[in-house]
Structures are given as structure tokens and as C-alpha cells.
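Student: First the structure, which I've put down as C-alpha cells, then a few questions once you've had a look.
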Amino acid sequence: MGVVHKGFKRRARLLREALRPPRQLPSSEPANSGLAEGLKARRPPKRTQVVDYNVPAVPRLVRSPVFVIAPVRSGSTLLRMLLNSHSRIRAPHELHLRTIGVELTPGFSEASMEELELDRVELEHVLWDRVLHLELLRSGKDIMVDKTPGNVFIWERLRYVWPEAKFLFMLRHPEGVISSLQKRKDNTATRESLEATALKYFKPLEKARSTAGGLSVRYEELTAQPEQVTKEICAYLDVEWEPGMLDYGRHYQGQFAPNLGDRSDTIKSGRIQAARTFGDVTLPPKLERYAAAWGYR
């Protein structure tokens, strides 16, 4: 009777499935339809990331990566293209490491990894390190650079993951950052909102600059004196300077895609172009503080 009962149950289940309304399939709309809204909804918050380190750090494949700590619209894409044009430096598009995570199932993978002295946070670090190492292997180079603006919110975590990491702090006149945000094609934000956005980057950037140690680079000086500034950067990274770095348009720099770096005609020109200057423009006190700290006053 048990076999017969199971047979009836199976037939009933199959009948229910046959009569069930068809599931709604994913929309066949163009890939970019509603993309902006979706990306906006998924954007990570612009705040410093805090995590707990509960297990020992495992050895890294990449010992001393280089991280550009910079606000949005600071000229970091130009910097990364100049660096990527060096024979030993790989500086790809923005990697967005802070949004690459690991999920462990309680009772299964969580318990399994615990036996290996690993947890979700350290597994994320292992994955980040593997991504950097894989990109170095693919490029045939030996120095890895990531210039994602979101690094400003995880600089302390990056320093924990890679104790021997090096930091480049990309600075730009605060008015230059805000002016560039205003000129974005899709911008609808008010001046006050853009200032608030810039300040979310400025505060952790300045903390990192005064704490982590590294080399500060002003965008205006990079464009006005590219040879001198790139020589200083190469000295900091302990590599020989190469003249070909300045002609970044002759080197393949990857695709220009949304959310992976600057896609303006200026950067696509392949030529270093002078940055706008803002002289003695009046700034609100909160922005004036950073203008003074970064040598613009």
C-alpha cells in the first residue's frame, strides 16, 4: 500500500504542476532599459565600512598592491591610465572590491569554514586577493593598482587585508570636484546635495591621508607637470619611470563602461589636458577646510 500511496501522491503533484499558471519569465526588454534605476537602487552607501576580524588572516598572493584613495570626479581615471601604460604596472578599470562579498549558509558552509579557521570576512579577503593576483597573471605585470573611488570608505580594511599595501591619495580642488559633478549628463542634484556628496568622500580621504601614509597627488599638478609628477609616483612605487607613460592613448586601456571610471571625451582623447583652475573661489567653511588642507589656499 505504501508504494501505491506514493504513486498517487506523485501523480497529484504532477497534476498540480501541470495546472499551475506559467511563471513570469524575465523581461526581454533591452539590457539598458531601467538600468540606471536598478543601479541606483543597488548602490552601496557612501559611508566608512566597519567589519570585525574574528579569524587569523591567511597569506596573500599579492603582497603589496597599490590603492588610489580619491573622491569621485578627481581625475583618478587619468592617473590609472598613465600608470597602466607602464610596463610593470597593471591599473585596470575600477574593481569595486567593497561590493564583492561572500555568503555562507548557516549550519553548512559556515560550520565547514569555521573548522578551517575561515569566516565570511576573511573569505572575502581571499577572494579580493585572488582577483588582484589573477589580473596580474593575465597582464604579465607585477604591480597591481586599483583606483575605485569607493576605496575611500574601506581604506582601513584594505590596510588590514594587505599590511604592505601602498596608497596614492588623489586630490583635486573641492570646487573642481563639485563642478565636475554638476557637469555630468544625468545630473539633477542641487548644489547643496553635490557638496554633501563630495564631503562624504573628503572626510575619510583626509583621515586616510593623515593616518595611513603614502603619496599625495594633486590633479592640477598631474596635468600641468605630468613628467615630474609621474616620476615622483614611480619613485614611490620603486619602479623606473618610462616616457611612454605620458602617451597613454597609445596603450590599450580597456573598454569605457558605466560605473568603471571616467568616460568623457577628455579622457578618451588619449592626451593629458590641462585641469580647470578655480583661483580664490569662495567656498562654504566645510569645503574651505579641505581646500586649505590640500594646499589650495
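Chain labels run A, B, ... following the order of the C-alpha cells; each chain numbers its residues from 1, and ligands are numbered from 1 in the order shown.
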Would you mind listing, for every residue of stretch 154-204 of chain A within 10 Å of stretch 105-126 of chain A, the two atoms forming the shortest contact and the distance between them in Å to one decimal, using only C-alpha atoms, sorted by chain and ascending residue number, as a tab-separated table?
Tutor:
```
residue	atom	partner	partner_atom	distance
A:Arg157	CA	A:His125	CA	9.4
A:Leu158	CA	A:His125	CA	8.9
A:Tyr160	CA	A:His125	CA	9.6
A:Val161	CA	A:His125	CA	6.4
A:Trp162	CA	A:His125	CA	9.2
```
Student: With only C-alpha atoms counted and 10 Å as the cut-off, give the residues of stretch 166-258 of chain A in contact with stretch 131-148 of chain A, each with its shortest interatomic distance in Å and the pair that gives it, as a tab-separated table.
Tutor:
```
residue	atom	partner	partner_atom	distance
A:Lys166	CA	A:Val145	CA	9.2
A:Phe167	CA	A:Val145	CA	9.4
A:Leu168	CA	A:Lys147	CA	9.0
A:Phe169	CA	A:Lys147	CA	9.9
A:Met170	CA	A:Lys147	CA	9.4
A:Leu237	CA	A:Ile143	CA	8.6
A:Val239	CA	A:Ile143	CA	9.4
```
Student: Using C-alpha atoms, can you export the residues from the last selection as a PDB file, in the first residue's frame?
Tutor:
```
ATOM      1  CA  LYS A 166      50.798  51.393  -0.772  1.00  0.00           C
ATOM      2  CA  PHE A 167      48.451  54.343  -1.053  1.00  0.00           C
ATOM      3  CA  LEU A 168      48.195  57.147  -3.575  1.00  0.00           C
ATOM      4  CA  PHE A 169      45.953  59.999  -2.461  1.00  0.00           C
ATOM      5  CA  MET A 170      44.401  61.797  -5.409  1.00  0.00           C
ATOM      6  CA  LEU A 237      56.365  52.621  -6.228  1.00  0.00           C
ATOM      7  CA  VAL A 239      59.939  51.375 -10.460  1.00  0.00           C
TER       8      VAL A 239
END
```
Student: Pick out each residue of stretch 83-231 of chain A that DSSP on the backbone tags as strand (DSSP E or B); I need them as a VMD selection string.
Tutor: chain A and resid 89 to 90 143 to 146 166 to 171 215 to 218
Student: Residues near A:Gly150, anyone? I mean within 8 Å using only C-alpha atoms, not counting same-chain ones fewer than 2 positions away, as number ranges by chain.
Tutor: A: 46, 71, 96, 98, 148, 152-154
Student: Can you check which residues of stretch 148-275 of chain A DSSP gives as helix (DSSP H, G or I) on the backbone and send them as an MDAnalysis selection string?
Tutor: chainID A and resid 149:153 155:161 174:182 191:211 219:224 226:237 243:246 248:250 265:268
Student: Quick one: of A:Asp247, A:Glu288, A:Asp280, A:Asp52, who's nearest to A:Leu78, counting only C-alpha atoms?
Tutor: A:Asp247
Student: Using atom CA of A:Ser269 and atom CA of A:Val66 as the two end points, give the distance in Å to one decimal.
Tutor: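 Interatomic distance, atom CA of A:Ser269 to atom CA of A:Val66: 25.8 Å.
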Student: Give the answer as one residue: which of A:Ala208, A:Leu104, A:Val68, A:Leu61 has the shortest atom-to-atom distance to A:Asn151, using only C-alpha atoms?
Tutor: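 Nearest candidate to A:Asn151 out of A:Ala208, A:Leu104, A:Val68, A:Leu61: A:Val68.
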Student: Any idea what's packed within 10 Å of stretch 219-229 of chain A, counting only C-alpha atoms, ignoring anything in its chain fewer than 6 positions away? Could you give it as number ranges by chain?
Tutor: A: 74-76, 78-79, 82, 170-173, 176, 235, 241-243, 245-246, 271-277
Student: Could you work out how far atom CA of A:Ser85 lies from atom CA of A:Glu175, giving the answer in Å with one decimal?
Tutor: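 The value is 29.1 Å.
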Student: Quick one: of A:Thr99, A:Thr77, A:Thr188, A:Ser216, who's nearest to A:Ala293, counting only C-alpha atoms?
Tutor: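 That would be A:Ser216, the residue with the smallest distance to A:Ala293.
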Student: What is the atom CA of A:Arg80 to atom CA of A:Ile100 distance in Å?
Tutor: 20.9 Å
Student: Check the smallest atom-to-atom distance from each of A:Val281, A:Val50, A:Leu199, A:Val72 to A:Asp262 using only C-alpha atoms, then report the winner.
Tutor: A:Val72
